[in-house]
file target18.cif (mmCIF, C-alpha atoms and all ligand atoms)
data_model
#
loop_
_atom_site.label_atom_id
_atom_site.label_comp_id
_atom_site.auth_asym_id
_atom_site.auth_seq_id
_atom_site.Cartn_x
_atom_site.Cartn_y
_atom_site.Cartn_z
CA MET X 202 -105.72 56.33 -126.24
CA LEU X 203 -104.48 53.50 -128.48
CA THR X 204 -100.95 54.07 -129.69
CA THR X 205 -99.63 52.74 -132.98
CA ILE X 206 -96.52 51.42 -131.25
CA GLU X 207 -97.91 48.98 -128.69
CA SER X 208 -94.63 48.34 -126.91
CA ILE X 209 -90.84 48.57 -127.03
CA GLU X 210 -88.92 45.92 -125.12
CA TYR X 211 -85.21 45.65 -124.46
CA PHE X 212 -82.95 42.57 -124.49
CA ALA X 213 -79.25 42.46 -123.56
CA CYS X 214 -77.52 39.97 -125.88
CA GLY X 215 -73.99 39.60 -124.53
CA TYR X 216 -71.67 42.36 -123.40
CA CYS X 217 -68.10 43.56 -123.72
CA THR X 218 -65.95 44.92 -120.93
CA ASN X 219 -63.65 47.92 -121.04
CA GLN X 220 -61.81 50.30 -118.73
CA LYS X 221 -63.27 53.82 -118.71
CA GLN X 222 -59.71 55.21 -118.40
CA ARG X 223 -58.70 53.52 -121.66
CA LEU X 224 -61.54 55.31 -123.47
CA PHE X 225 -61.44 58.79 -121.92
CA LYS X 226 -58.82 61.08 -120.38
CA GLY X 227 -59.27 62.54 -116.91
CA VAL X 228 -61.73 60.01 -115.52
CA PRO X 229 -61.43 57.78 -112.44
CA LYS X 230 -60.62 54.10 -112.81
CA GLU X 231 -63.77 52.12 -113.55
CA THR X 232 -64.60 48.87 -115.34
CA ILE X 233 -67.66 49.17 -117.55
CA HIS X 234 -69.78 46.43 -119.12
CA PHE X 235 -71.30 47.48 -122.43
CA PRO X 236 -74.33 45.24 -123.13
CA ALA X 237 -75.23 44.64 -126.77
CA GLY X 238 -78.80 45.96 -126.81
CA VAL X 239 -81.62 44.66 -128.99
CA PHE X 240 -85.05 46.31 -129.13
CA LEU X 241 -88.31 44.54 -129.94
CA ILE X 242 -90.92 46.96 -131.25
CA LYS X 243 -94.56 45.89 -131.56
CA HIS X 244 -96.45 47.85 -134.19
CA ARG X 245 -100.25 47.53 -133.99
CA GLU X 246 -100.57 46.91 -137.73
CA HIS X 247 -97.18 45.65 -138.89
CA GLY X 248 -96.41 43.34 -135.97
CA TYR X 249 -92.96 42.64 -134.60
CA ILE X 250 -89.99 44.73 -135.65
CA LEU X 251 -86.49 44.12 -134.30
CA TYR X 252 -83.79 46.80 -134.04
CA ASP X 253 -80.41 45.00 -134.26
CA THR X 254 -79.64 41.45 -133.12
CA GLY X 255 -76.76 41.60 -130.59
CA TYR X 256 -73.81 39.21 -130.54
CA ALA X 257 -73.80 35.65 -131.85
CA PRO X 258 -72.59 32.92 -129.44
CA GLU X 259 -70.09 31.96 -132.21
CA ILE X 260 -68.15 35.14 -131.45
CA MET X 261 -66.73 33.20 -128.46
CA SER X 262 -65.34 30.36 -130.61
CA PRO X 263 -61.58 29.81 -130.85
CA ASN X 264 -61.22 31.43 -134.26
CA LEU X 265 -58.24 33.72 -134.85
CA LYS X 266 -60.30 36.60 -136.30
CA TYR X 267 -62.74 36.53 -133.37
CA TRP X 268 -59.88 36.19 -130.92
CA ILE X 269 -58.25 39.34 -132.34
CA TYR X 270 -61.62 41.14 -132.20
CA ARG X 271 -62.12 40.10 -128.56
CA LEU X 272 -58.60 40.96 -127.44
CA PRO X 273 -58.97 44.72 -126.78
CA ASN X 274 -62.62 44.29 -125.92
CA PRO X 275 -63.28 41.08 -123.93
CA ILE X 276 -66.74 39.68 -124.69
CA THR X 277 -69.11 37.68 -122.53
CA MET X 278 -71.77 35.85 -124.51
CA THR X 279 -73.60 32.61 -123.75
CA PRO X 280 -75.96 30.68 -126.05
CA SER X 281 -78.88 31.53 -123.73
CA GLN X 282 -78.25 35.26 -124.32
CA ALA X 283 -78.87 34.96 -128.07
CA ILE X 284 -81.84 37.10 -129.10
CA SER X 285 -83.64 34.20 -130.82
CA VAL X 286 -83.41 32.14 -127.60
CA GLN X 287 -84.64 35.04 -125.46
CA LEU X 288 -87.56 35.67 -127.84
CA ASN X 289 -88.53 31.98 -127.84
CA GLN X 290 -88.52 32.06 -124.04
CA ARG X 291 -91.00 34.93 -124.23
CA GLY X 292 -93.20 32.87 -126.53
CA ILE X 293 -92.27 34.92 -129.59
CA SER X 294 -91.03 32.85 -132.50
CA PRO X 295 -88.20 34.36 -134.59
CA GLN X 296 -90.35 33.56 -137.66
CA SER X 297 -92.85 36.14 -136.47
CA ILE X 298 -90.40 39.03 -136.82
CA ASN X 299 -91.58 40.91 -139.91
CA TYR X 300 -88.91 43.59 -140.09
CA LEU X 301 -85.32 43.68 -138.94
CA ILE X 302 -83.76 47.14 -138.78
CA LEU X 303 -79.95 47.07 -138.77
CA SER X 304 -78.46 50.23 -137.33
CA HIS X 305 -75.06 49.34 -138.83
CA LEU X 306 -73.11 46.16 -139.57
CA HIS X 307 -70.68 45.76 -136.65
CA PRO X 308 -70.54 42.24 -135.14
CA ASP X 309 -72.42 43.17 -131.96
CA HIS X 310 -75.42 44.27 -134.05
CA ILE X 311 -75.64 41.58 -136.74
CA GLY X 312 -74.79 38.41 -134.78
CA GLN X 313 -78.19 36.75 -135.22
CA VAL X 314 -79.49 38.12 -138.55
CA LYS X 315 -79.67 34.55 -139.93
CA ASP X 316 -82.22 33.61 -137.27
CA PHE X 317 -84.95 35.82 -138.77
CA PRO X 318 -85.65 34.28 -142.18
CA ASN X 319 -89.01 36.02 -142.70
CA ALA X 320 -87.87 39.52 -141.83
CA LYS X 321 -87.43 42.23 -144.39
CA ILE X 322 -84.08 43.82 -143.59
CA ILE X 323 -84.08 47.61 -143.37
CA MET X 324 -80.96 49.75 -143.34
CA THR X 325 -79.92 53.15 -144.64
CA LYS X 326 -78.79 53.42 -148.22
CA THR X 327 -75.61 55.09 -146.97
CA CYS X 328 -74.77 52.11 -144.75
CA PHE X 329 -75.66 49.56 -147.43
CA GLU X 330 -73.55 51.30 -150.09
CA ASP X 331 -70.67 51.53 -147.64
CA TYR X 332 -70.97 47.77 -147.07
CA GLN X 333 -70.99 47.07 -150.82
CA LYS X 334 -67.93 49.26 -151.32
CA LYS X 335 -65.83 47.76 -148.59
CA TYR X 336 -67.43 44.58 -147.35
CA LEU X 337 -64.06 42.88 -147.12
CA GLN X 338 -63.13 45.34 -144.44
CA ALA X 339 -62.13 43.89 -141.09
CA LEU X 340 -65.16 44.93 -139.06
CA VAL X 341 -67.97 43.39 -141.10
CA PHE X 342 -68.10 39.66 -140.37
CA LYS X 343 -70.00 38.56 -143.48
CA GLU X 344 -70.48 35.04 -142.16
CA PHE X 345 -73.12 36.39 -139.78
CA LEU X 346 -75.24 37.57 -142.71
CA PRO X 347 -77.58 35.21 -144.58
CA ASP X 348 -76.82 34.28 -148.21
CA ASP X 349 -79.86 36.21 -149.40
CA PHE X 350 -78.93 39.30 -147.37
CA GLU X 351 -78.52 41.71 -150.29
CA LYS X 352 -81.81 40.56 -151.86
CA ARG X 353 -83.75 41.14 -148.66
CA VAL X 354 -82.44 44.62 -147.90
CA ILE X 355 -84.76 47.61 -148.18
CA THR X 356 -82.74 50.81 -148.12
CA ILE X 357 -83.81 54.10 -146.58
CA GLU X 358 -83.10 57.43 -148.27
CA ASN X 359 -85.09 60.56 -149.26
CA TYR X 360 -85.23 61.99 -145.75
CA GLN X 361 -87.68 64.86 -145.37
CA ASP X 362 -88.61 67.58 -142.94
CA ASN X 363 -91.26 66.45 -140.49
CA LYS X 364 -93.04 68.66 -137.97
CA ASN X 365 -93.11 65.74 -135.53
CA PHE X 366 -89.32 65.75 -135.50
CA PRO X 367 -87.93 69.10 -136.61
CA HIS X 368 -84.37 68.29 -135.47
CA LEU X 369 -83.24 66.10 -138.39
CA PRO X 370 -84.56 65.12 -141.82
CA SER X 371 -86.30 61.76 -141.44
CA TYR X 372 -88.19 59.07 -143.32
CA ASP X 373 -91.66 57.90 -142.27
CA PHE X 374 -91.23 54.24 -143.26
CA PHE X 375 -94.73 52.99 -142.41
CA GLY X 376 -96.41 56.23 -143.50
CA ASP X 377 -98.19 56.60 -140.16
CA GLN X 378 -95.76 58.76 -138.15
CA SER X 379 -95.08 55.82 -135.82
CA ILE X 380 -91.33 55.43 -136.47
CA LEU X 381 -89.21 58.10 -138.15
CA PHE X 382 -85.96 56.75 -139.58
CA THR X 383 -82.91 58.98 -139.70
CA GLU X 384 -79.17 58.57 -139.95
CA LEU X 385 -76.25 59.82 -137.88
CA SER X 386 -72.78 58.99 -139.21
CA GLY X 387 -69.44 59.07 -137.43
CA HIS X 388 -69.22 55.79 -135.54
CA ALA X 389 -70.25 54.07 -138.78
CA ALA X 390 -71.38 55.47 -142.12
CA GLY X 391 -75.13 56.08 -142.28
CA GLN X 392 -75.97 54.64 -138.88
CA CYS X 393 -79.75 54.20 -138.69
CA CYS X 394 -81.46 55.84 -135.69
CA LEU X 395 -85.18 55.81 -134.87
CA PHE X 396 -87.52 58.44 -133.42
CA PHE X 397 -90.87 57.44 -131.92
CA PRO X 398 -93.11 60.55 -131.87
CA GLU X 399 -95.70 58.91 -129.59
CA LYS X 400 -93.06 58.24 -126.96
CA SER X 401 -90.72 61.17 -127.65
CA LEU X 402 -87.97 58.55 -127.69
CA PHE X 403 -84.85 58.38 -129.86
CA LEU X 404 -82.94 55.10 -130.33
CA ALA X 405 -79.42 56.11 -131.28
CA ALA X 406 -77.47 52.86 -131.85
CA ASP X 407 -73.75 53.56 -131.25
CA VAL X 408 -73.78 57.34 -131.74
CA ALA X 409 -72.32 57.26 -128.20
CA TRP X 410 -71.37 54.22 -126.06
CA GLY X 411 -73.66 55.40 -123.28
CA VAL X 412 -75.85 58.46 -122.77
CA PRO X 413 -74.01 59.32 -119.50
CA LEU X 414 -70.74 59.25 -121.51
CA ILE X 415 -71.86 61.94 -124.00
CA PRO X 416 -70.26 64.82 -122.01
CA LEU X 417 -66.90 62.96 -122.11
CA THR X 418 -66.70 62.87 -125.92
CA LYS X 419 -64.09 65.65 -126.14
CA GLN X 420 -61.87 63.66 -123.75
CA MET X 421 -61.87 60.53 -125.93
CA ARG X 422 -58.42 58.97 -126.24
CA LEU X 423 -56.60 58.49 -129.53
CA ILE X 424 -57.23 54.76 -130.08
CA PRO X 425 -61.00 54.89 -129.55
CA ARG X 426 -61.05 58.00 -131.77
CA LEU X 427 -59.24 56.08 -134.50
CA LEU X 428 -61.78 53.26 -134.22
CA GLN X 429 -64.58 55.57 -135.39
CA ASN X 430 -65.39 55.70 -139.07
CA ASN X 431 -65.12 59.53 -139.08
CA ILE X 432 -64.33 61.41 -135.87
CA ASP X 433 -65.54 64.81 -137.13
CA GLN X 434 -68.92 63.35 -138.04
CA TYR X 435 -68.90 61.54 -134.68
CA GLN X 436 -68.56 64.87 -132.85
CA ASN X 437 -71.34 66.40 -134.98
CA SER X 438 -73.66 63.50 -134.23
CA ILE X 439 -72.95 63.89 -130.51
CA GLN X 440 -73.99 67.55 -130.82
CA VAL X 441 -77.27 66.40 -132.38
CA LEU X 442 -77.88 64.11 -129.39
CA GLU X 443 -77.23 67.06 -127.06
CA GLN X 444 -79.78 69.16 -128.99
CA LEU X 445 -82.34 66.36 -128.70
CA GLN X 446 -81.67 66.09 -124.96
CA ASN X 447 -82.16 69.85 -124.61
CA ALA X 448 -85.47 69.51 -126.46
CA GLY X 449 -86.62 67.04 -123.78
CA ILE X 450 -86.42 63.91 -125.96
CA ASP X 451 -85.45 60.65 -124.21
CA ILE X 452 -82.38 59.05 -125.77
CA ILE X 453 -81.24 55.45 -125.52
CA VAL X 454 -78.06 54.10 -127.12
CA SER X 455 -77.50 50.41 -127.80
CA HIS X 456 -74.73 49.97 -125.22
CA ASP X 457 -76.38 51.91 -122.38
CA GLN X 458 -76.59 50.12 -119.06
CA GLU X 459 -79.59 47.78 -118.72
CA GLU X 460 -80.99 49.59 -115.66
CA ARG X 461 -80.92 52.93 -117.47
CA ILE X 462 -82.68 51.53 -120.55
CA GLU X 463 -85.38 49.79 -118.52
CA ARG X 464 -85.94 53.01 -116.55
CA VAL X 465 -86.30 55.14 -119.70
CA LEU X 466 -88.60 52.61 -121.41
CA ARG X 467 -90.85 52.49 -118.32
ZN ZN C 1 -70.68 49.76 -133.73
#

call {"tool": "encode", "arguments": {"input": "target18.cif", "output": "structure tokens"}}
result
Amino acid sequence: MLTTIESIEYFACGYCTNQKQRLFKGVPKETIHFPAGVFLIKHREHGYILYDTGYAPEIMSPNLKYWIYRLPNPITMTPSQAISVQLNQRGISPQSINYLILSHLHPDHIGQVKDFPNAKIIMTKTCFEDYQKKYLQALVFKEFLPDDFEKRVITIENYQDNKNFPHLPSYDFFGDQSILFTELSGHAAGQCCLFFPEKSLFLAADVAWGVPLIPLTKQMRLIPRLLQNNIDQYQNSIQVLEQLQNAGIDIIVSHDQEERIERVLR
């Protein structure tokens, strides 16, 4: 049977490194790489859609702000890992990306937004309004956004009940039940997550740093807790992921390990 979503492909666009013990209490010593995941969705009618853009190579430049950002969270990012370069290597021109969905506006998700000049930018209204309210805030690096960013944004709101996804109110953006948009706050306000009914797959951005780390949420240390936009909402969103898991839905988060993501997508 022909599916509306022809394919979903994964690209790792740089990674940061952290110690598991610095994030959670009561765990053995372990160094973890957290790849910045980008997803290329091919819609039979609407063409290429990108979910996030990973890091920009510029994040490695000797700039004080980036240096401070990298300090607690060392980053590895080479020019060849940029999403536009990886797409070109696959024979897909960045100009052919029709839609760019931004889950939220942290630097590891918006690094390459400028490389997709033809894409309509989709984000939740909650996230966009949060950006407009406090865009001078430390964690949104505005220089990674194009000058016409605000003009190109299409915001998502008016979530509705949908029998294809009874777990959360959602928005059927293309009107064909192919991708249901929803939001889960906590890590960031109005973080945009996607459900694909044909694949029973949920892309959950940074709701957790890794699906295998979900059971450790209650053991999260103080500093990583303080780094969340709202820790109570974070815990609630984690509970939603657990409900989806119990319902047999496959979940992928943006910083899951590459092998896990490739396995789930296969
Ligand atoms: Zn984030």

call {"tool": "residues_around", "arguments": {"input": "target18.cif", "residues": "Leu301 of chain X", "least_positions_apart": "2", "cutoff": "12 Å", "atoms": "all atoms listed in the file", "output": "PyMOL selection string"}}
result
chain X and resi 239-242+248-254+295-299+303-305+310-311+313-324+350+353-356+393

call {"tool": "closest_residue", "arguments": {"input": "target18.cif", "among": "X:Glu463, X:Asp309, X:Asp348, X:Asp331", "to": "ligand ZN 1 (chain C)", "atoms": "all atoms listed in the file"}}
result
X:Asp309

call {"tool": "residues_around", "arguments": {"input": "target18.cif", "residues": "Gly449 of chain X", "least_positions_apart": "4", "cutoff": "12 Å", "atoms": "all atoms listed in the file", "output": "list in words"}}
result
His368, Lys400, Ser401, Leu402, Phe403, Leu442, Glu443, Gln444 and Leu445 of chain X

call {"tool": "residues_near_ligand", "arguments": {"input": "target18.cif", "ligand": "ligand ZN 1 (chain C)", "cutoff": "10 Å", "atoms": "all atoms listed in the file", "output": "number ranges by chain"}}
result
X: 237, 304-310, 340, 388-389, 392, 406-410, 428-430, 455-456

call {"tool": "closest_residue", "arguments": {"input": "target18.cif", "among": "X:Pro347, X:Pro275, X:Gly312, X:Gly387", "to": "Gly255 of chain X", "atoms": "all atoms listed in the file"}}
result
X:Gly312

call {"tool": "closest_residue", "arguments": {"input": "target18.cif", "among": "X:Gln222, X:Ser386, X:Thr277, X:Asn431", "to": "Leu417 of chain X", "atoms": "only C-alpha atoms"}}
result
X:Gln222

call {"tool": "residues_around", "arguments": {"input": "target18.cif", "residues": "Gln440 of chain X", "least_positions_apart": "4", "cutoff": "10 Å", "atoms": "all atoms listed in the file", "output": "list in words"}}
result
Ile415, Pro416, Thr418, Gln434, Tyr435, Gln436, Gln444, Leu445 and Gln446 of chain X

call {"tool": "atom_distance", "arguments": {"input": "target18.cif", "atom1": "atom CA of Cys394 of chain X", "atom2": "atom CA of Asp349 of chain X"}}
result
24.0 Å

call {"tool": "closest_residue", "arguments": {"input": "target18.cif", "among": "X:Leu423, X:Leu224, X:Ala448, X:Leu404", "to": "Asn274 of chain X", "atoms": "all atoms listed in the file"}}
result
X:Leu224

call {"tool": "residues_around", "arguments": {"input": "target18.cif", "residues": "Glu330 of chain X", "least_positions_apart": "5", "cutoff": "10 Å", "atoms": "all atoms listed in the file", "output": "list of chain:residue names"}}
result
X:Thr325, X:Lys335, X:Tyr336, X:Thr356, X:Ala390, X:Gly391

call {"tool": "build_atoms", "arguments": {"input": "target18.cif", "residues": "segment 415-426 of chain X", "atoms": "all heavy atoms", "output": "mmCIF file, in the frame of the given file"}}
result
data_model
loop_
_atom_site.group_PDB
_atom_site.id
_atom_site.type_symbol
_atom_site.label_atom_id
_atom_site.label_comp_id
_atom_site.auth_asym_id
_atom_site.auth_seq_id
_atom_site.Cartn_x
_atom_site.Cartn_y
_atom_site.Cartn_z
ATOM 1 N N ILE X 415 -71.837 60.885 -122.968
ATOM 2 C CA ILE X 415 -71.860 61.940 -124.000
ATOM 3 C C ILE X 415 -70.986 63.147 -123.606
ATOM 4 O O ILE X 415 -70.188 63.616 -124.430
ATOM 5 C CB ILE X 415 -73.319 62.383 -124.295
ATOM 6 C CG1 ILE X 415 -74.040 61.254 -125.045
ATOM 7 C CG2 ILE X 415 -73.375 63.680 -125.093
ATOM 8 C CD1 ILE X 415 -75.526 61.499 -125.264
ATOM 9 N N PRO X 416 -71.073 63.638 -122.345
ATOM 10 C CA PRO X 416 -70.260 64.820 -122.010
ATOM 11 C C PRO X 416 -68.748 64.556 -122.042
ATOM 12 O O PRO X 416 -67.964 65.506 -122.026
ATOM 13 C CB PRO X 416 -70.709 65.157 -120.568
ATOM 14 C CG PRO X 416 -72.003 64.443 -120.376
ATOM 15 C CD PRO X 416 -71.964 63.241 -121.248
ATOM 16 N N LEU X 417 -68.337 63.285 -122.104
ATOM 17 C CA LEU X 417 -66.900 62.960 -122.110
ATOM 18 C C LEU X 417 -66.316 62.894 -123.522
ATOM 19 O O LEU X 417 -65.113 62.642 -123.682
ATOM 20 C CB LEU X 417 -66.662 61.613 -121.416
ATOM 21 C CG LEU X 417 -67.044 61.524 -119.943
ATOM 22 C CD1 LEU X 417 -66.849 60.108 -119.424
ATOM 23 C CD2 LEU X 417 -66.202 62.513 -119.123
ATOM 24 N N THR X 418 -67.153 63.095 -124.538
ATOM 25 C CA THR X 418 -66.700 62.870 -125.920
ATOM 26 C C THR X 418 -65.409 63.604 -126.261
ATOM 27 O O THR X 418 -64.521 63.054 -126.906
ATOM 28 C CB THR X 418 -67.825 63.278 -126.908
ATOM 29 O OG1 THR X 418 -68.993 62.543 -126.564
ATOM 30 C CG2 THR X 418 -67.439 62.990 -128.334
ATOM 31 N N LYS X 419 -65.287 64.865 -125.794
ATOM 32 C CA LYS X 419 -64.090 65.650 -126.140
ATOM 33 C C LYS X 419 -62.834 65.075 -125.482
ATOM 34 O O LYS X 419 -61.712 65.380 -125.898
ATOM 35 C CB LYS X 419 -64.284 67.115 -125.738
ATOM 36 C CG LYS X 419 -65.316 67.813 -126.622
ATOM 37 C CD LYS X 419 -64.937 69.260 -126.912
ATOM 38 C CE LYS X 419 -65.718 69.813 -128.088
ATOM 39 N NZ LYS X 419 -67.181 69.840 -127.838
ATOM 40 N N GLN X 420 -63.018 64.258 -124.447
ATOM 41 C CA GLN X 420 -61.870 63.660 -123.750
ATOM 42 C C GLN X 420 -61.515 62.267 -124.297
ATOM 43 O O GLN X 420 -60.708 61.559 -123.689
ATOM 44 C CB GLN X 420 -62.190 63.511 -122.252
ATOM 45 C CG GLN X 420 -62.289 64.830 -121.513
ATOM 46 C CD GLN X 420 -63.247 64.752 -120.333
ATOM 47 O OE1 GLN X 420 -64.305 65.389 -120.331
ATOM 48 N NE2 GLN X 420 -62.909 63.960 -119.341
ATOM 49 N N MET X 421 -62.120 61.890 -125.427
ATOM 50 C CA MET X 421 -61.870 60.530 -125.930
ATOM 51 C C MET X 421 -60.408 60.356 -126.324
ATOM 52 O O MET X 421 -59.812 61.229 -126.956
ATOM 53 C CB MET X 421 -62.777 60.240 -127.132
ATOM 54 C CG MET X 421 -62.832 58.766 -127.478
ATOM 55 S SD MET X 421 -63.748 58.455 -128.990
ATOM 56 C CE MET X 421 -65.404 58.769 -128.458
ATOM 57 N N ARG X 422 -59.832 59.240 -125.944
ATOM 58 C CA ARG X 422 -58.420 58.970 -126.240
ATOM 59 C C ARG X 422 -58.219 58.634 -127.711
ATOM 60 O O ARG X 422 -59.159 58.348 -128.444
ATOM 61 C CB ARG X 422 -57.920 57.816 -125.362
ATOM 62 C CG ARG X 422 -57.760 58.194 -123.907
ATOM 63 C CD ARG X 422 -57.082 57.074 -123.143
ATOM 64 N NE ARG X 422 -57.071 57.366 -121.721
ATOM 65 C CZ ARG X 422 -56.159 58.136 -121.117
ATOM 66 N NH1 ARG X 422 -55.183 58.686 -121.813
ATOM 67 N NH2 ARG X 422 -56.227 58.349 -119.816
ATOM 68 N N LEU X 423 -56.940 58.632 -128.112
ATOM 69 C CA LEU X 423 -56.600 58.490 -129.530
ATOM 70 C C LEU X 423 -57.107 57.169 -130.133
ATOM 71 O O LEU X 423 -57.723 57.175 -131.204
ATOM 72 C CB LEU X 423 -55.072 58.601 -129.700
ATOM 73 C CG LEU X 423 -54.600 58.509 -131.154
ATOM 74 C CD1 LEU X 423 -55.124 59.680 -131.975
ATOM 75 C CD2 LEU X 423 -53.073 58.458 -131.226
ATOM 76 N N ILE X 424 -56.856 56.045 -129.457
ATOM 77 C CA ILE X 424 -57.230 54.760 -130.080
ATOM 78 C C ILE X 424 -58.740 54.646 -130.287
ATOM 79 O O ILE X 424 -59.180 54.350 -131.401
ATOM 80 C CB ILE X 424 -56.605 53.572 -129.308
ATOM 81 C CG1 ILE X 424 -55.107 53.595 -129.566
ATOM 82 C CG2 ILE X 424 -57.220 52.236 -129.750
ATOM 83 C CD1 ILE X 424 -54.298 52.574 -128.837
ATOM 84 N N PRO X 425 -59.547 54.927 -129.261
ATOM 85 C CA PRO X 425 -61.000 54.890 -129.550
ATOM 86 C C PRO X 425 -61.422 55.905 -130.616
ATOM 87 O O PRO X 425 -62.360 55.636 -131.389
ATOM 88 C CB PRO X 425 -61.652 55.179 -128.200
ATOM 89 C CG PRO X 425 -60.587 55.545 -127.260
ATOM 90 C CD PRO X 425 -59.289 55.076 -127.827
ATOM 91 N N ARG X 426 -60.719 57.040 -130.698
ATOM 92 C CA ARG X 426 -61.050 58.000 -131.770
ATOM 93 C C ARG X 426 -60.768 57.388 -133.136
ATOM 94 O O ARG X 426 -61.548 57.505 -134.069
ATOM 95 C CB ARG X 426 -60.218 59.278 -131.627
ATOM 96 C CG ARG X 426 -60.664 60.193 -130.485
ATOM 97 C CD ARG X 426 -59.578 61.213 -130.159
ATOM 98 N NE ARG X 426 -59.400 62.148 -131.250
ATOM 99 C CZ ARG X 426 -60.009 63.330 -131.338
ATOM 100 N NH1 ARG X 426 -60.819 63.716 -130.361
ATOM 101 N NH2 ARG X 426 -59.805 64.111 -132.348
#
